[in-house]
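Engineer: Quick one: the structure is below, and I'll ask about it shortly.
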Amino acid sequence: MELNAPAPVDNDGRDVIERAGIESSRLAHTIAEANAVYEIPRTAEAINSNGYMRVALQFPDELLADSSLVSSELQLQAPNARFFTLADTSYGSCCVDEVAAEHYSADLVVHYGRTCLSLTTRIPVLYVFGHEPIDIDDCATRVLAAVGSGANILLLSDVAYMHGIEDIASALRRGGNGGKDGDVAGGSVVASRITSADCVYKPGGESTDIQAGRSWELPGGKAIGDYTILYIGQESLTLTNVLLTQRSQAVYSYDPRTRVLREEGAKANRHLGRRYYMVQQAKDADVVGIVVGTLAATRYLRVVEALKALLRQAQRKFYVFVVGKLNVAKLANFPEIDAFVLIACPENTLVDSREYFKPIVTPYELHLAITRSKEWTGDYITDFRDLLDELEDSPVLPDEEGEINDDTPHYSMITGKLKQQRRYADARQIAAESDSRSVVAAANKSTEIAQYLGSAGAEYLLNRSFRGLGHDEDGKGGSENEQSPPMLAVEGRSGIARGYDNEPHTFQ
């Protein structure tokens with residue numbers, strides 16, 4: 001069935017069964033390969049030494065083919081523990097699925113494959129990145145030919161290539177220094193590290209030296225703007241996150257599978273331009289939907305409360321949604337929402353919302369759109385934990401006297417006109433002030449009045465031509481001020497939409 005063709009009414013579901021799914025490829029075909037790629041001995045040692053009894057193994061869809069082999073070998077090396085596999089995650093596969101793990105009373109989650117490196121809040125986690133092959137010499141040769149031997153280079157990589165990042169750094173130093181070890185004359189090579197890869201992270205425990213994401217230490221007197229970033233890995237959300245958040249001299253990516261090195265500058269400019277357009281859309285939004293896209297990242301509840309306070313001070317209406325994995329159909333159920341803000345991990349928070357009916361922005365973009373005194377300096381924040389203190393402490397919409405001015409319109413770069421923002425009072429304020437301007441009175445021809453206290457959903461309902469049964473305006477034969485009596489319930493149709501029981505069956 002073609003994508004642009006209408007769905008047939010008599011669809012028997014065959015296209016769903018035959019639809020191509022996500023390809024799952026095996027990285028390990030033997031026990032020896034599984035021990036090396038998935039670090040089974042290290043995992044079993046961590047399980048045995050800590051006495052974990054119920055262990056959840058979380059695999060992304062593309063690695064599910066190896067889950068049975070890994071689980072069986074772990075059972076042999078850690079016989080006292082029980083293992084079960086998590087496949088269809090509640091949110092993105094890069095996040096630890098604490099919700100599903102708690103359903104099985106797991107006391108440890110072993111996360112395999114690509115990850116956003118967010119720290120958990122309730123269950124200990126052990127990250128296993130895997131070991132994908134990389135040609136060290138080819139990478140170093142191509143990089144030195146592109147950036148020169150005297151450049152400052154910061155090495156970042158996908159988690160599957162972290163095992164070789166120190167070897168790449170050494171090769172770059174030798175290649176730029178005449179085959180000798182040590183920093184290149186006039187430049188330095190810095191390799192990033194992942195502290196959460198070294199041991200089991202225990203929330204609330206003694207893992208104080210473990211931090212989320214990647215970290216690095218630059219030599220004294222140098223900043224990220226003095227360096228060229230080399231990213232090792234395929235095009236991914238991790239690379240997009242690096243392009244948006246790091247203001248370096250240049251960004252190069254090297255794909256070990258294809259052995260291709262390319263500069264990523266133009267792509268970063270396109271991403272930033274698209275995100276800035278969505279900031280302008282959020283600036284015009286009167287009703288905002290706060291979408292919770294993670295239950296694992298630390299401090300996400302504080303961010304939800306901070307955003308609610310931000311929108312409440314700006315007198316914007318907001319609703320909070322927990323919908324699991326995002327798709328167009330789920331968010332299309334809420335047409336009264338003007339813009340959504342997604343609270344998720346640093347990688348999943350960047351959603352290309354061109355297919356969606358309403359824009360989906362990050363907490364940083366919403367903060368930038370609502371706070372008039374805040375200007376975009378070129379810095380970009382995808383990790384809401386870095387934004388949390390600013391969200392909780394900064395004032396919203398201040399004027400010269402430190403007060404909110406409701407009557408000042410702003411120029412909309414989307415419509416090219418002045419936009420007067422609608423103001424929604426808080427429900428607690430409405431209860432205290434009976435003459436609140438946000439009270440919406442809905443009157444029909446029978447003079448019945450319903451009051452909706454600052455309800456954007458009610459306002460949207462009143463503007464619709466059909467508002468449900470019992471809200472007809474014609475009276476159906478009665479006088480203008482007389483409403484028809486309610487009809488008794490009767491038995492309706494039975495069956496399914498493709499053929500009700502009272503209709504002739506044309507499809508067998």
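To be explicit about the labels: the chains of the structure tokens are called A, B, and onward in the order shown, and within each one the residues are counted from 1, while ligands get numbers from 1 in the order they are shown.
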Could you list, as a count of residues only, every residue within 9 Å of Arg274 (chain A), counting only C-alpha atoms and ignoring same-chain residues fewer than 5 positions away?
Structural biologist: 3
Engineer: To test your reading of the structure, identify every residue in region 103-179 of chain A that backbone DSSP assigns to helix (DSSP H, G or I), and report it as a ChimeraX atom specification.
Structural biologist: /A:103,136-147,159-176
Engineer: Closest to Arg257 (chain A) among A:Glu73, A:Asp97, A:Glu375, A:Asp138, using only C-alpha atoms?
Structural biologist: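 Using only C-alpha atoms, Arg257 (chain A) sits closest to A:Asp138.
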Engineer: For Trp216 (chain A), which residue among A:Leu237, A:Leu63, A:Val200, A:Ile194 is the nearest when counting only C-alpha atoms?
Structural biologist: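 Going through A:Leu237, A:Leu63, A:Val200, A:Ile194 one by one, the smallest distance to Trp216 (chain A) is for A:Ile194.
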Engineer: Separation of CA of Ala160 (chain A) and CA of Tyr91 (chain A), in Å?
Structural biologist: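 Spanning CA of Ala160 (chain A) to CA of Tyr91 (chain A) is a straight-line distance of 21.1 Å.
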Engineer: I'd like the neighbourhood of Leu310 (chain A) as a short mmCIF file (atom, residue, chain, number, x, y, z; two decimals) with N, CA, C and O atoms, in the first residue's frame, where a residue qualifies if any of its atoms comes within 8 Å (using only C-alpha atoms), though same-chain residues fewer than 2 positions away should be ignored.
Structural biologist:
data_model
loop_
_atom_site.label_atom_id
_atom_site.label_comp_id
_atom_site.auth_asym_id
_atom_site.auth_seq_id
_atom_site.Cartn_x
_atom_site.Cartn_y
_atom_site.Cartn_z
N ALA A 306 8.91 23.78 37.98
CA ALA A 306 9.49 25.07 37.58
C ALA A 306 8.81 25.61 36.33
O ALA A 306 8.55 26.82 36.22
N LEU A 307 8.50 24.74 35.37
CA LEU A 307 7.81 25.19 34.16
C LEU A 307 6.38 25.62 34.48
O LEU A 307 5.87 26.59 33.89
N LYS A 308 5.72 24.92 35.37
CA LYS A 308 4.36 25.32 35.76
C LYS A 308 4.39 26.70 36.41
O LYS A 308 3.51 27.54 36.15
N ARG A 312 2.61 29.98 34.95
CA ARG A 312 1.62 30.61 35.83
C ARG A 312 1.92 32.09 36.02
O ARG A 312 1.02 32.93 35.99
N GLN A 313 3.21 32.42 36.17
CA GLN A 313 3.58 33.83 36.30
C GLN A 313 3.33 34.60 35.01
O GLN A 313 2.97 35.78 35.03
N ALA A 314 3.53 33.93 33.88
CA ALA A 314 3.28 34.56 32.59
C ALA A 314 1.81 34.56 32.22
O ALA A 314 1.44 35.05 31.14
N HIS A 367 11.63 28.74 27.97
CA HIS A 367 12.15 29.79 28.84
C HIS A 367 12.59 31.00 28.02
O HIS A 367 12.35 32.15 28.38
N LEU A 391 15.67 28.44 35.91
CA LEU A 391 14.21 28.42 35.85
C LEU A 391 13.60 28.77 37.20
O LEU A 391 12.59 29.47 37.29
N VAL A 396 10.08 36.43 35.69
CA VAL A 396 9.40 36.24 34.41
C VAL A 396 8.74 37.54 33.98
O VAL A 396 8.05 38.19 34.78
#
Engineer: List every residue of region 285-374 of chain A that DSSP, applied to the backbone of this structure, places in strand (DSSP E or B), and write the result as a list in words.
Structural biologist: Val287, Val288, Gly289, Ile290, Val291, Val292, Lys317, Phe318, Tyr319, Val320, Phe321, Ala339, Phe340, Val341, Leu342, Ile343, Ile360 and Val361 of chain A
Engineer: Selection from above, N, CA, C and O atoms, as an mmCIF file, in the first residue's frame, can you write it?
Structural biologist:
data_model
loop_
_atom_site.group_PDB
_atom_site.id
_atom_site.type_symbol
_atom_site.label_atom_id
_atom_site.label_comp_id
_atom_site.auth_asym_id
_atom_site.auth_seq_id
_atom_site.Cartn_x
_atom_site.Cartn_y
_atom_site.Cartn_z
ATOM 1 N N VAL A 287 -1.757 28.651 25.088
ATOM 2 C CA VAL A 287 -1.991 27.426 25.853
ATOM 3 C C VAL A 287 -0.832 26.472 25.567
ATOM 4 O O VAL A 287 -0.525 26.172 24.411
ATOM 5 N N VAL A 288 -0.191 25.995 26.620
ATOM 6 C CA VAL A 288 1.016 25.175 26.495
ATOM 7 C C VAL A 288 0.768 23.818 27.133
ATOM 8 O O VAL A 288 0.191 23.735 28.228
ATOM 9 N N GLY A 289 1.192 22.771 26.464
ATOM 10 C CA GLY A 289 1.119 21.425 27.008
ATOM 11 C C GLY A 289 2.487 20.972 27.481
ATOM 12 O O GLY A 289 3.435 20.959 26.706
ATOM 13 N N ILE A 290 2.606 20.635 28.760
ATOM 14 C CA ILE A 290 3.856 20.123 29.325
ATOM 15 C C ILE A 290 3.831 18.607 29.197
ATOM 16 O O ILE A 290 3.029 17.929 29.851
ATOM 17 N N VAL A 291 4.682 18.057 28.353
ATOM 18 C CA VAL A 291 4.716 16.622 28.088
ATOM 19 C C VAL A 291 5.890 16.010 28.840
ATOM 20 O O VAL A 291 7.043 16.383 28.617
ATOM 21 N N VAL A 292 5.602 15.079 29.719
ATOM 22 C CA VAL A 292 6.644 14.385 30.480
ATOM 23 C C VAL A 292 7.129 13.216 29.624
ATOM 24 O O VAL A 292 6.386 12.261 29.386
ATOM 25 N N LYS A 317 -2.016 29.446 30.059
ATOM 26 C CA LYS A 317 -2.689 28.230 30.477
ATOM 27 C C LYS A 317 -1.814 27.034 30.133
ATOM 28 O O LYS A 317 -1.190 26.986 29.070
ATOM 29 N N PHE A 318 -1.765 26.054 31.021
ATOM 30 C CA PHE A 318 -0.944 24.878 30.764
ATOM 31 C C PHE A 318 -1.674 23.620 31.202
ATOM 32 O O PHE A 318 -2.528 23.640 32.095
ATOM 33 N N TYR A 319 -1.337 22.526 30.545
ATOM 34 C CA TYR A 319 -1.806 21.194 30.906
ATOM 35 C C TYR A 319 -0.595 20.273 30.929
ATOM 36 O O TYR A 319 0.351 20.449 30.159
ATOM 37 N N VAL A 320 -0.627 19.268 31.801
ATOM 38 C CA VAL A 320 0.474 18.317 31.935
ATOM 39 C C VAL A 320 0.035 16.976 31.368
ATOM 40 O O VAL A 320 -1.046 16.468 31.717
ATOM 41 N N PHE A 321 0.863 16.394 30.497
ATOM 42 C CA PHE A 321 0.543 15.132 29.840
ATOM 43 C C PHE A 321 1.651 14.113 30.090
ATOM 44 O O PHE A 321 2.837 14.458 30.086
ATOM 45 N N ALA A 339 1.255 24.947 21.739
ATOM 46 C CA ALA A 339 2.634 24.470 21.667
ATOM 47 C C ALA A 339 2.864 23.500 22.806
ATOM 48 O O ALA A 339 2.256 23.607 23.874
ATOM 49 N N PHE A 340 3.738 22.531 22.567
ATOM 50 C CA PHE A 340 4.105 21.559 23.583
ATOM 51 C C PHE A 340 5.559 21.784 23.995
ATOM 52 O O PHE A 340 6.388 22.171 23.169
ATOM 53 N N VAL A 341 5.834 21.524 25.274
ATOM 54 C CA VAL A 341 7.212 21.531 25.756
ATOM 55 C C VAL A 341 7.499 20.135 26.296
ATOM 56 O O VAL A 341 6.752 19.604 27.123
ATOM 57 N N LEU A 342 8.562 19.522 25.809
ATOM 58 C CA LEU A 342 8.887 18.135 26.136
ATOM 59 C C LEU A 342 9.997 18.083 27.170
ATOM 60 O O LEU A 342 11.081 18.647 26.970
ATOM 61 N N ILE A 343 9.723 17.415 28.281
ATOM 62 C CA ILE A 343 10.726 17.186 29.316
ATOM 63 C C ILE A 343 11.259 15.780 29.123
ATOM 64 O O ILE A 343 10.582 14.786 29.410
ATOM 65 N N ILE A 360 6.909 21.402 19.068
ATOM 66 C CA ILE A 360 7.371 20.765 20.302
ATOM 67 C C ILE A 360 8.733 21.356 20.629
ATOM 68 O O ILE A 360 9.701 21.166 19.884
ATOM 69 N N VAL A 361 8.822 22.089 21.729
ATOM 70 C CA VAL A 361 10.045 22.792 22.082
ATOM 71 C C VAL A 361 10.648 22.170 23.335
ATOM 72 O O VAL A 361 10.033 21.333 24.013
#
Engineer: One decimal, in Å: what's the spacing between CA of Leu27 (chain A) and CA of Ala65 (chain A)?
Structural biologist: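 One can read the CA of Leu27 (chain A) to CA of Ala65 (chain A) distance as 8.6 Å.
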Engineer: Counting only C-alpha atoms, which residue out of A:Asn80, A:Thr245, A:Asn333, A:Thr195 sits closest to Leu119 (chain A)?
Structural biologist: A:Thr195
Engineer: Excluding Pro41 (chain A) and residues on its chain fewer than 2 positions from it, collect all residues at most 12 Å away from it, counting only C-alpha atoms, and give them as a VMD selection string.
Structural biologist: chain A and resid 31 to 39 43 to 48 70 73 to 78 128
Engineer: Selection from above, C-alpha atoms, as an mmCIF file, in the first residue's frame, can you write it?
Structural biologist:
data_model
loop_
_atom_site.group_PDB
_atom_site.id
_atom_site.type_symbol
_atom_site.label_atom_id
_atom_site.label_comp_id
_atom_site.auth_asym_id
_atom_site.auth_seq_id
_atom_site.Cartn_x
_atom_site.Cartn_y
_atom_site.Cartn_z
ATOM 1 C CA ILE A 31 29.695 -17.208 23.275
ATOM 2 C CA ALA A 32 33.212 -15.823 22.941
ATOM 3 C CA GLU A 33 31.953 -12.884 20.884
ATOM 4 C CA ALA A 34 29.121 -12.263 23.356
ATOM 5 C CA ASN A 35 31.578 -12.198 26.269
ATOM 6 C CA ALA A 36 33.721 -9.634 24.443
ATOM 7 C CA VAL A 37 31.044 -7.399 22.908
ATOM 8 C CA TYR A 38 28.583 -7.374 25.803
ATOM 9 C CA GLU A 39 31.143 -7.591 28.624
ATOM 10 C CA THR A 43 28.432 -7.774 34.293
ATOM 11 C CA ALA A 44 28.337 -11.103 36.118
ATOM 12 C CA GLU A 45 31.020 -9.928 38.551
ATOM 13 C CA ALA A 46 29.008 -6.779 39.371
ATOM 14 C CA ILE A 47 25.862 -8.868 39.937
ATOM 15 C CA ASN A 48 27.593 -11.457 42.148
ATOM 16 C CA VAL A 70 23.459 -12.814 26.487
ATOM 17 C CA GLU A 73 25.377 -16.849 29.339
ATOM 18 C CA LEU A 74 24.725 -14.442 32.226
ATOM 19 C CA GLN A 75 22.573 -17.101 33.896
ATOM 20 C CA LEU A 76 25.522 -19.489 33.798
ATOM 21 C CA GLN A 77 27.992 -16.955 35.207
ATOM 22 C CA ALA A 78 25.566 -15.536 37.817
ATOM 23 C CA VAL A 128 27.265 -1.873 28.821
#
Engineer: Could you jot down the CA of Val190 (chain A) to CA of Gly220 (chain A) separation for me, Å, one decimal place?
Structural biologist: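 CA of Gly220 (chain A) lies at a distance of 12.4 Å from CA of Val190 (chain A).
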Engineer: Closest to Gly457 (chain A) among A:Leu244, A:Val303, A:Val110, A:Ile337, using only C-alpha atoms?
Structural biologist: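 Smallest distance to Gly457 (chain A) is found for A:Ile337.
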Engineer: As a list in words, please: the residues near Tyr356 (chain A) (cut-off 7 Å, only C-alpha atoms, same-chain neighbours under 3 positions excluded).
Structural biologist: Val328, Ser353 and Pro359 of chain A
Engineer: Could you write out the selected residues, including N, CA and C atoms, as an mmCIF file, in the first residue's frame?
Structural biologist:
data_model
loop_
_atom_site.group_PDB
_atom_site.id
_atom_site.type_symbol
_atom_site.label_atom_id
_atom_site.label_comp_id
_atom_site.auth_asym_id
_atom_site.auth_seq_id
_atom_site.Cartn_x
_atom_site.Cartn_y
_atom_site.Cartn_z
ATOM 1 N N VAL A 328 2.365 11.469 16.290
ATOM 2 C CA VAL A 328 1.491 12.532 15.806
ATOM 3 C C VAL A 328 0.058 12.341 16.288
ATOM 4 N N SER A 353 9.550 18.437 14.862
ATOM 5 C CA SER A 353 8.082 18.462 14.923
ATOM 6 C C SER A 353 7.432 18.894 13.618
ATOM 7 N N PRO A 359 4.047 22.862 17.385
ATOM 8 C CA PRO A 359 5.487 22.750 17.646
ATOM 9 C C PRO A 359 5.773 22.094 18.993
#
